[in-house]
Amino acid sequence: MAGETGTFSRRTFLNWVGAAGGSSAVYQASIALGLLPASDAVADRAALPNLDGARRSVVILGAGISGLACAYELERAGFACTVIEASNRIGGRNLTIRRGDVVDEAGYQQVCDFDDHPNLYFNAGPARIPGHHRLVLHYCKVLGVPLEVFVNENRHAWVHDSVAFEGRPVRLREFVTDARGFMTELMAKAISPGDFDAEFTEADAERFFLFLRRYGDLDENDVYRKSGRAGYAEGGMVKPAVYKAPYDFREILKHEFWTRGMHWTAAEDQAAPMMQAVGGNDQLVRGFVRHIESPIIVGAPVQSIMLREGGVDVIYAKGGASQTISADFCLNSIPKHLLPGIRNNFPADYLKGMESVGRGKLMKIGIQMAERFWEKQDIYGGISWTDQPIEQIWYPSHGIHDNKGVMLGAYVFNAGTCLEFGRLTPEERLARAIAQGEKIHPAYASHVQSGVSVVWHRMNHLLGCTAVWRRDTRERWFNRLQQPEGRHYLMGDQISYHPGWQEGALGSAHFALADLGKRVQAELGGDAVHA
Amino acid sequence: MLRRLFVVLSSFLAVHGYSEPVTAPEELQTCVVCHGIELAGNQSVDAPNLSVLSAWYLKRQMQNYKQGLRAPHGSKDHVGREMAPLAADFGDDDMAVLEQYLADIPVFNAPVTIRGNASRGASLYISCSICHGADGEGNPTFNAPRLAGQSDWYLVRQLENFQRGIRGNSPEDLYGSQMRLSTSILTDRSAIEDVVAHVNTLKRGDH
Ligand SMILES: Cc1cc2nc3c(=O)[nH]c(=O)nc-3n(C[C@H](O)[C@H](O)[C@H](O)COP(=O)(O)OP(=O)(O)OC[C@H]3O[C@@H](n4cnc5c(N)ncnc54)[C@H](O)[C@@H]3O)c2cc1C
């Protein structure tokens with residue numbers, strides 16, 4: 001590295017120190033003033049007036065998490081609700097797959113062939129519940145859905161990159177420990193106490209170097225030689241520990257893991273500890289269904305949505321015939337990209353807004369393994385990362401020490417890769433996932449018993465996943481779509497700042513309910529004056 | 001017949017001033033998820049307007065998908081690949097149901113989304129009109145499908161697919177390979193958009 005570059009980066013760093021000092025000062029002041037950012041999550045209970053005998057009807061389109069929450073809340077406030085769902089299955093994208101389940105993919109229906117055992121399932125949609133997703137947790141609590149810990153990061157898991165370390169997987173803990181060691185050693189070398197400006201006192205500087213030493217596990221000369229954090233090569237229990245030699249930092253730099261996986265759990269939505277529902281995340285759906293008395297009509301695709309003065313008319317198909325339902329309000333969670341294919345009289349700009357939001361893609365492959373071989377490698381739950389198309393391998397957090405387990409053999413976020421997998425037959429997808437898994441776990445294939453792929457952009461009645469909002473579409477269309485059009489509300493995680501999370505779906509549902517509640521309250525106030 | 005009667009009756013009884021869509025029979029429920037109610041098309045999921053097409057044309061395309069003449073395994077016709085597994089599952093009985101349904105539903109005009117030079121397109125269209133008709137009405141004698149009212153973005157993509165040899169590259173796909181040769185007069189993307197802009201001006205469907 002040229003001296004010039006070194007000087008430049010040091011100056012940049014010092015500027016940064018100043019900036020950080022400034023912002024931290026502001027932060028401290030805000031805490032003192034009690035100005036910490038308040039969450040915009042709506043209160044647990046949806047704000048709905050009690051109808052006290054007044055008649056109001058709501059038709060809810062889609063029996064996903066948002067639709068179910070609306071039915072639950074509205075019927076408790078005395079509204080007459082009907083839920084209309086295209087699929088024969090309730091739950092939408094909240095989907096847990098077990099033995100015998102049909103994966104309703106357009107053109108490639110699969111039937112799950114896992115063993116019949118309560119632990120042999122995988123969550124094809126929502127898998128993780130973070131501690132700050134208050135609405136999801138609220139409903140789990142009131143609906144009696146028990147939760148358990150979900151392991152989202154495991155330092156014993158593997159990180160793999162086809163070009164780094166000659167394609168050998170290394171333990172996540174080694175990678176992170178060495179990366180931190182090298183980074184902090186470099187900083188300690190590049191910075192001397194005199195580099196700081198006057199505001200940074202000598203005592204501050206001293207603590208700064210101590211910080212580096214602790215953060216990177218450097219020795220007393222601020223050199224990274226070895227660290228038990230990486231795990232020992234051998235010994236450490238009844239024989240003396242033998243440290244691992246640090247990796248070559250250039251191999252770490254080549255590796256894809258630090259571009260994404262290494263910082264994954266720093267995100268608020270991904271941070272430990274996380275939770276999952278005991279027995280599969282669709283227990284939340286079952287909890288809702290247990291507590292909802294309103295009719296949920298399944299196998300009933302909506303054909304037409306017509307807004308009119310004072311209400312909304314919906315036509316749906318049921319068993320080859322059509323049925324019409326008229327209601328005072330309509331709460332609609334049908335994926336926005338399917339709505340242009342449904343007969344409607346939406347204003348042109350409302351429809352254009354829906355068409356402007358992108359259709360997300362995600363894919364998961366669940367594989368039943370004859371043996372929980374990963375537990376013999378010290379891996380209990382968590383994720384291994386690879387630069388291969390499968391991106392991730394998940395080890396189940398539940399069923400520890402059972403004989404068998406269902407692991408996630410692929411979780412693909414890359415849209416192009418999803419399309420590519422989607423064009424293969426389910427058998428070909430599975431074969432690819434197994435071949436890639438072999439690069440991380442030799443003899444992987446020998447454990448495989450059966451697998452199921454869920455390609456969300458091909459799933460019937462969904463044809464997509466997380467709504468893709470670009471910044472310009474957000475600015476142009478979000479408010480337009482979040483606000484009701486007449487007595488029709490578009491909702492679901494697609495109409496939130498948190499698409500791809502159930503909390504977004506529930507937040508959007510509560511937003512719509514609050515607005516609807518206010519309107520009904522105003523109407524009832526008028527009635528009261530009349531009487 | 002009974003079903004049709006029911007449909008007619010129920011729309012007759014509809015109290016609000018719009019016509020009720022003709023419900024697709026169970027066999028076609030998956031079709032309408034993508035292609036929309038009454039098969040009118042949905043660009044958001046790349047599904048063209050089928051209401052303008054005739055049963056003989058759809059039958060042949062389904063056959064082409066099945067036989068790997070259109071969007072075969074490994075093909076660059078990515079959207080066609082989305083369709084192919086569905087065609088594989090579509091039997092002769094289903095085809096008969098589709099034929100009846102096409103007869104029951106109105107012909108829709110897809111919204112205009114392409115901006116091209118229609119007058120330039122008109123002169124390019126002259127040679128197209130030999131098979132597809134001056135009004136783009138199609139001609140079964142020449143195995144040429146109706147173009148008028150079709151989703152314009154779909155026409156653009158198909159013309160590009162023909163040109164690039166993504167569609168019509170199998171000699172067994174007789175009419176596809178004919179079409180592939182015919183696209184040689186469209187020298188660039190703007191020529192394609194121009195000719196489609198002209199198709200957008202043709203006498204359109206009854207809806
Ligand atoms: C791979 C994946 C991973 C995820 N991971 C997480 C996670 O870890 N944690 C988390 O909290 N969330 C996660 N999510 C997001 C979560 O699944 C969604 O936010 C939530 O389930 C969306 O609920 P919804 O009610 O908004 O929509 P949906 O569940 O999409 O409901 C829409 C409903 O409309 C129905 N419908 C469609 N067409 C019609 C029609 N014509 N007539 C009637 N009904 C129709 C559909 O069948 C569906 O039931 C994940 C999602 C996926 C796919």
# chains A, B, ... in the order shown; residues from 1 in each chain; ligands from 1

call {"tool": "interface_residues", "arguments": {"of": "chain A", "to": "chain B", "cutoff": "9 Å", "atoms": "only C-alpha atoms", "output": "NGL selection string"}}
result
:A and (106-108 or 301 or 303-304 or 306 or 308 or 313 or 315-322 or 324 or 336-343 or 355-356 or 358-359 or 419-420 or 422-425 or 458 or 460-463)

call {"tool": "residues_around", "arguments": {"residues": "stretch 504-516 of chain A", "least_positions_apart": "5", "cutoff": "6 Å", "atoms": "only C-alpha atoms", "output": "PyMOL selection string"}}
result
chain A and resi 46-47+66+491-493+496+498-499

call {"tool": "select_by_dssp", "arguments": {"residues": "stretch 94-190 of chain B", "states": "helix (DSSP H, G or I)", "output": "VMD selection string"}}
result
chain B and resid 94 to 104 118 to 132 140 to 142 152 to 163 174 to 185 189 to 190

call {"tool": "select_by_dssp", "arguments": {"residues": "stretch 124-214 of chain A", "states": "strand (DSSP E)", "output": "ChimeraX atom specification"}}
result
/A:129-130,147-150,158-160,170-171

call {"tool": "write_last_selection", "arguments": {"atoms": "C-alpha atoms", "output": "PDB file, in the first residue's frame"}}
result
ATOM      1  CA  ILE A 129     -39.633 -13.613  15.095  1.00  0.00           C
ATOM      2  CA  PRO A 130     -37.540 -10.789  16.545  1.00  0.00           C
ATOM      3  CA  LEU A 147     -42.675 -19.835  21.360  1.00  0.00           C
ATOM      4  CA  GLU A 148     -39.173 -21.208  21.595  1.00  0.00           C
ATOM      5  CA  VAL A 149     -35.763 -19.781  20.800  1.00  0.00           C
ATOM      6  CA  PHE A 150     -34.676 -19.741  17.191  1.00  0.00           C
ATOM      7  CA  TRP A 158     -19.434 -22.924   8.367  1.00  0.00           C
ATOM      8  CA  VAL A 159     -18.669 -20.135   5.965  1.00  0.00           C
ATOM      9  CA  HIS A 160     -17.742 -21.212   2.478  1.00  0.00           C
ATOM     10  CA  VAL A 170     -14.010 -22.506   7.682  1.00  0.00           C
ATOM     11  CA  ARG A 171     -15.793 -22.042  10.979  1.00  0.00           C
TER      12      ARG A 171
END

call {"tool": "closest_residue", "arguments": {"among": "A:Asp269, A:Asp387, A:Glu234, A:Asp116", "to": "ligand 1", "atoms": "only C-alpha atoms and all ligand atoms"}}
result
A:Asp269

call {"tool": "atom_distance", "arguments": {"atom1": "atom CA of A:Cys112", "atom2": "atom CA of A:Gly62"}}
result
24.3 Å

call {"tool": "atom_distance", "arguments": {"atom1": "atom CA of A:Thr82", "atom2": "atom CA of A:Asn50"}}
result
18.2 Å

call {"tool": "atom_distance", "arguments": {"atom1": "atom CA of A:Phe373", "atom2": "atom CA of A:Glu174"}}
result
20.9 Å

call {"tool": "residues_around", "arguments": {"residues": "B:Leu50", "least_positions_apart": "2", "cutoff": "12 Å", "atoms": "only C-alpha atoms", "output": "MDAnalysis selection string"}}
result
chainID B and resid 31:32 34:42 47:48 52:55 57:59 61 98:99 101:103 105:110 145:151 154

call {"tool": "decode", "arguments": {"residues": "stretch 103-115 of chain A", "atoms": "all heavy atoms", "output": "PDB file, in the first residue's frame"}}
result
ATOM      1  N   VAL A 103     -47.599 -28.767  -1.963  1.00  0.00           N
ATOM      2  CA  VAL A 103     -47.005 -27.475  -2.287  1.00  0.00           C
ATOM      3  C   VAL A 103     -47.617 -27.044  -3.611  1.00  0.00           C
ATOM      4  O   VAL A 103     -47.351 -27.627  -4.656  1.00  0.00           O
ATOM      5  CB  VAL A 103     -45.468 -27.569  -2.387  1.00  0.00           C
ATOM      6  CG1 VAL A 103     -44.875 -26.226  -2.767  1.00  0.00           C
ATOM      7  CG2 VAL A 103     -44.893 -28.057  -1.069  1.00  0.00           C
ATOM      8  N   ASP A 104     -48.466 -26.031  -3.536  1.00  0.00           N
ATOM      9  CA  ASP A 104     -49.291 -25.648  -4.679  1.00  0.00           C
ATOM     10  C   ASP A 104     -48.546 -24.663  -5.577  1.00  0.00           C
ATOM     11  O   ASP A 104     -48.851 -23.489  -5.624  1.00  0.00           O
ATOM     12  CB  ASP A 104     -50.603 -25.030  -4.155  1.00  0.00           C
ATOM     13  CG  ASP A 104     -51.610 -24.790  -5.264  1.00  0.00           C
ATOM     14  OD1 ASP A 104     -51.392 -25.287  -6.388  1.00  0.00           O
ATOM     15  OD2 ASP A 104     -52.611 -24.088  -5.003  1.00  0.00           O
ATOM     16  N   GLU A 105     -47.553 -25.201  -6.282  1.00  0.00           N
ATOM     17  CA  GLU A 105     -46.808 -24.364  -7.225  1.00  0.00           C
ATOM     18  C   GLU A 105     -47.448 -24.513  -8.595  1.00  0.00           C
ATOM     19  O   GLU A 105     -47.799 -25.628  -8.998  1.00  0.00           O
ATOM     20  CB  GLU A 105     -45.346 -24.823  -7.270  1.00  0.00           C
ATOM     21  CG  GLU A 105     -44.520 -24.026  -8.275  1.00  0.00           C
ATOM     22  CD  GLU A 105     -43.092 -24.549  -8.419  1.00  0.00           C
ATOM     23  OE1 GLU A 105     -42.568 -25.151  -7.462  1.00  0.00           O
ATOM     24  OE2 GLU A 105     -42.521 -24.359  -9.507  1.00  0.00           O
ATOM     25  N   ALA A 106     -47.594 -23.385  -9.305  1.00  0.00           N
ATOM     26  CA  ALA A 106     -48.213 -23.434 -10.622  1.00  0.00           C
ATOM     27  C   ALA A 106     -47.403 -24.343 -11.543  1.00  0.00           C
ATOM     28  O   ALA A 106     -46.260 -24.053 -11.864  1.00  0.00           O
ATOM     29  CB  ALA A 106     -48.307 -22.024 -11.202  1.00  0.00           C
ATOM     30  N   GLY A 107     -47.982 -25.457 -11.929  1.00  0.00           N
ATOM     31  CA  GLY A 107     -47.324 -26.353 -12.880  1.00  0.00           C
ATOM     32  C   GLY A 107     -46.507 -27.464 -12.245  1.00  0.00           C
ATOM     33  O   GLY A 107     -46.304 -28.500 -12.853  1.00  0.00           O
ATOM     34  N   TYR A 108     -45.994 -27.246 -11.042  1.00  0.00           N
ATOM     35  CA  TYR A 108     -45.203 -28.297 -10.389  1.00  0.00           C
ATOM     36  C   TYR A 108     -45.732 -28.548  -8.991  1.00  0.00           C
ATOM     37  O   TYR A 108     -45.181 -28.042  -8.025  1.00  0.00           O
ATOM     38  CB  TYR A 108     -43.743 -27.880 -10.254  1.00  0.00           C
ATOM     39  CG  TYR A 108     -42.941 -27.831 -11.529  1.00  0.00           C
ATOM     40  CD1 TYR A 108     -42.156 -26.726 -11.828  1.00  0.00           C
ATOM     41  CD2 TYR A 108     -42.938 -28.908 -12.416  1.00  0.00           C
ATOM     42  CE1 TYR A 108     -41.397 -26.677 -12.983  1.00  0.00           C
ATOM     43  CE2 TYR A 108     -42.174 -28.861 -13.580  1.00  0.00           C
ATOM     44  CZ  TYR A 108     -41.401 -27.741 -13.858  1.00  0.00           C
ATOM     45  OH  TYR A 108     -40.659 -27.696 -14.985  1.00  0.00           O
ATOM     46  N   GLN A 109     -46.827 -29.280  -8.879  1.00  0.00           N
ATOM     47  CA  GLN A 109     -47.310 -29.584  -7.535  1.00  0.00           C
ATOM     48  C   GLN A 109     -46.418 -30.652  -6.905  1.00  0.00           C
ATOM     49  O   GLN A 109     -46.071 -31.630  -7.554  1.00  0.00           O
ATOM     50  CB  GLN A 109     -48.751 -30.083  -7.611  1.00  0.00           C
ATOM     51  CG  GLN A 109     -49.726 -28.939  -7.787  1.00  0.00           C
ATOM     52  CD  GLN A 109     -51.074 -29.235  -7.154  1.00  0.00           C
ATOM     53  OE1 GLN A 109     -51.380 -30.363  -6.842  1.00  0.00           O
ATOM     54  NE2 GLN A 109     -51.874 -28.199  -6.980  1.00  0.00           N
ATOM     55  N   GLN A 110     -46.049 -30.439  -5.668  1.00  0.00           N
ATOM     56  CA  GLN A 110     -45.260 -31.436  -4.943  1.00  0.00           C
ATOM     57  C   GLN A 110     -46.047 -31.869  -3.714  1.00  0.00           C
ATOM     58  O   GLN A 110     -46.805 -31.089  -3.167  1.00  0.00           O
ATOM     59  CB  GLN A 110     -43.934 -30.846  -4.462  1.00  0.00           C
ATOM     60  CG  GLN A 110     -43.056 -30.266  -5.549  1.00  0.00           C
ATOM     61  CD  GLN A 110     -41.992 -29.342  -4.958  1.00  0.00           C
ATOM     62  OE1 GLN A 110     -41.104 -29.774  -4.235  1.00  0.00           O
ATOM     63  NE2 GLN A 110     -42.095 -28.054  -5.253  1.00  0.00           N
ATOM     64  N   VAL A 111     -45.829 -33.112  -3.316  1.00  0.00           N
ATOM     65  CA  VAL A 111     -46.413 -33.580  -2.059  1.00  0.00           C
ATOM     66  C   VAL A 111     -45.249 -33.924  -1.134  1.00  0.00           C
ATOM     67  O   VAL A 111     -44.335 -34.653  -1.521  1.00  0.00           O
ATOM     68  CB  VAL A 111     -47.314 -34.815  -2.280  1.00  0.00           C
ATOM     69  CG1 VAL A 111     -47.882 -35.287  -0.949  1.00  0.00           C
ATOM     70  CG2 VAL A 111     -48.442 -34.484  -3.254  1.00  0.00           C
ATOM     71  N   CYS A 112     -45.280 -33.359   0.054  1.00  0.00           N
ATOM     72  CA  CYS A 112     -44.163 -33.522   0.974  1.00  0.00           C
ATOM     73  C   CYS A 112     -44.093 -34.960   1.487  1.00  0.00           C
ATOM     74  O   CYS A 112     -45.079 -35.516   1.957  1.00  0.00           O
ATOM     75  CB  CYS A 112     -44.299 -32.552   2.134  1.00  0.00           C
ATOM     76  SG  CYS A 112     -43.032 -32.789   3.372  1.00  0.00           S
ATOM     77  N   ASP A 113     -42.897 -35.512   1.408  1.00  0.00           N
ATOM     78  CA  ASP A 113     -42.700 -36.914   1.756  1.00  0.00           C
ATOM     79  C   ASP A 113     -41.842 -37.077   3.018  1.00  0.00           C
ATOM     80  O   ASP A 113     -41.224 -38.111   3.232  1.00  0.00           O
ATOM     81  CB  ASP A 113     -42.038 -37.611   0.551  1.00  0.00           C
ATOM     82  CG  ASP A 113     -42.088 -39.115   0.665  1.00  0.00           C
ATOM     83  OD1 ASP A 113     -43.034 -39.629   1.284  1.00  0.00           O
ATOM     84  OD2 ASP A 113     -41.157 -39.782   0.151  1.00  0.00           O
ATOM     85  N   PHE A 114     -41.785 -36.053   3.862  1.00  0.00           N
ATOM     86  CA  PHE A 114     -41.050 -36.202   5.121  1.00  0.00           C
ATOM     87  C   PHE A 114     -41.736 -37.270   5.966  1.00  0.00           C
ATOM     88  O   PHE A 114     -42.922 -37.553   5.791  1.00  0.00           O
ATOM     89  CB  PHE A 114     -41.052 -34.884   5.931  1.00  0.00           C
ATOM     90  CG  PHE A 114     -40.394 -33.721   5.252  1.00  0.00           C
ATOM     91  CD1 PHE A 114     -40.689 -32.419   5.650  1.00  0.00           C
ATOM     92  CD2 PHE A 114     -39.468 -33.899   4.227  1.00  0.00           C
ATOM     93  CE1 PHE A 114     -40.087 -31.329   5.041  1.00  0.00           C
ATOM     94  CE2 PHE A 114     -38.861 -32.816   3.620  1.00  0.00           C
ATOM     95  CZ  PHE A 114     -39.176 -31.523   4.022  1.00  0.00           C
ATOM     96  N   ASP A 115     -41.008 -37.800   6.945  1.00  0.00           N
ATOM     97  CA  ASP A 115     -41.639 -38.720   7.891  1.00  0.00           C
ATOM     98  C   ASP A 115     -42.696 -37.972   8.688  1.00  0.00           C
ATOM     99  O   ASP A 115     -42.621 -36.751   8.844  1.00  0.00           O
ATOM    100  CB  ASP A 115     -40.605 -39.262   8.888  1.00  0.00           C
ATOM    101  CG  ASP A 115     -39.619 -40.201   8.220  1.00  0.00           C
ATOM    102  OD1 ASP A 115     -39.740 -40.405   6.996  1.00  0.00           O
ATOM    103  OD2 ASP A 115     -38.728 -40.701   8.929  1.00  0.00           O
TER     104      ASP A 115
END
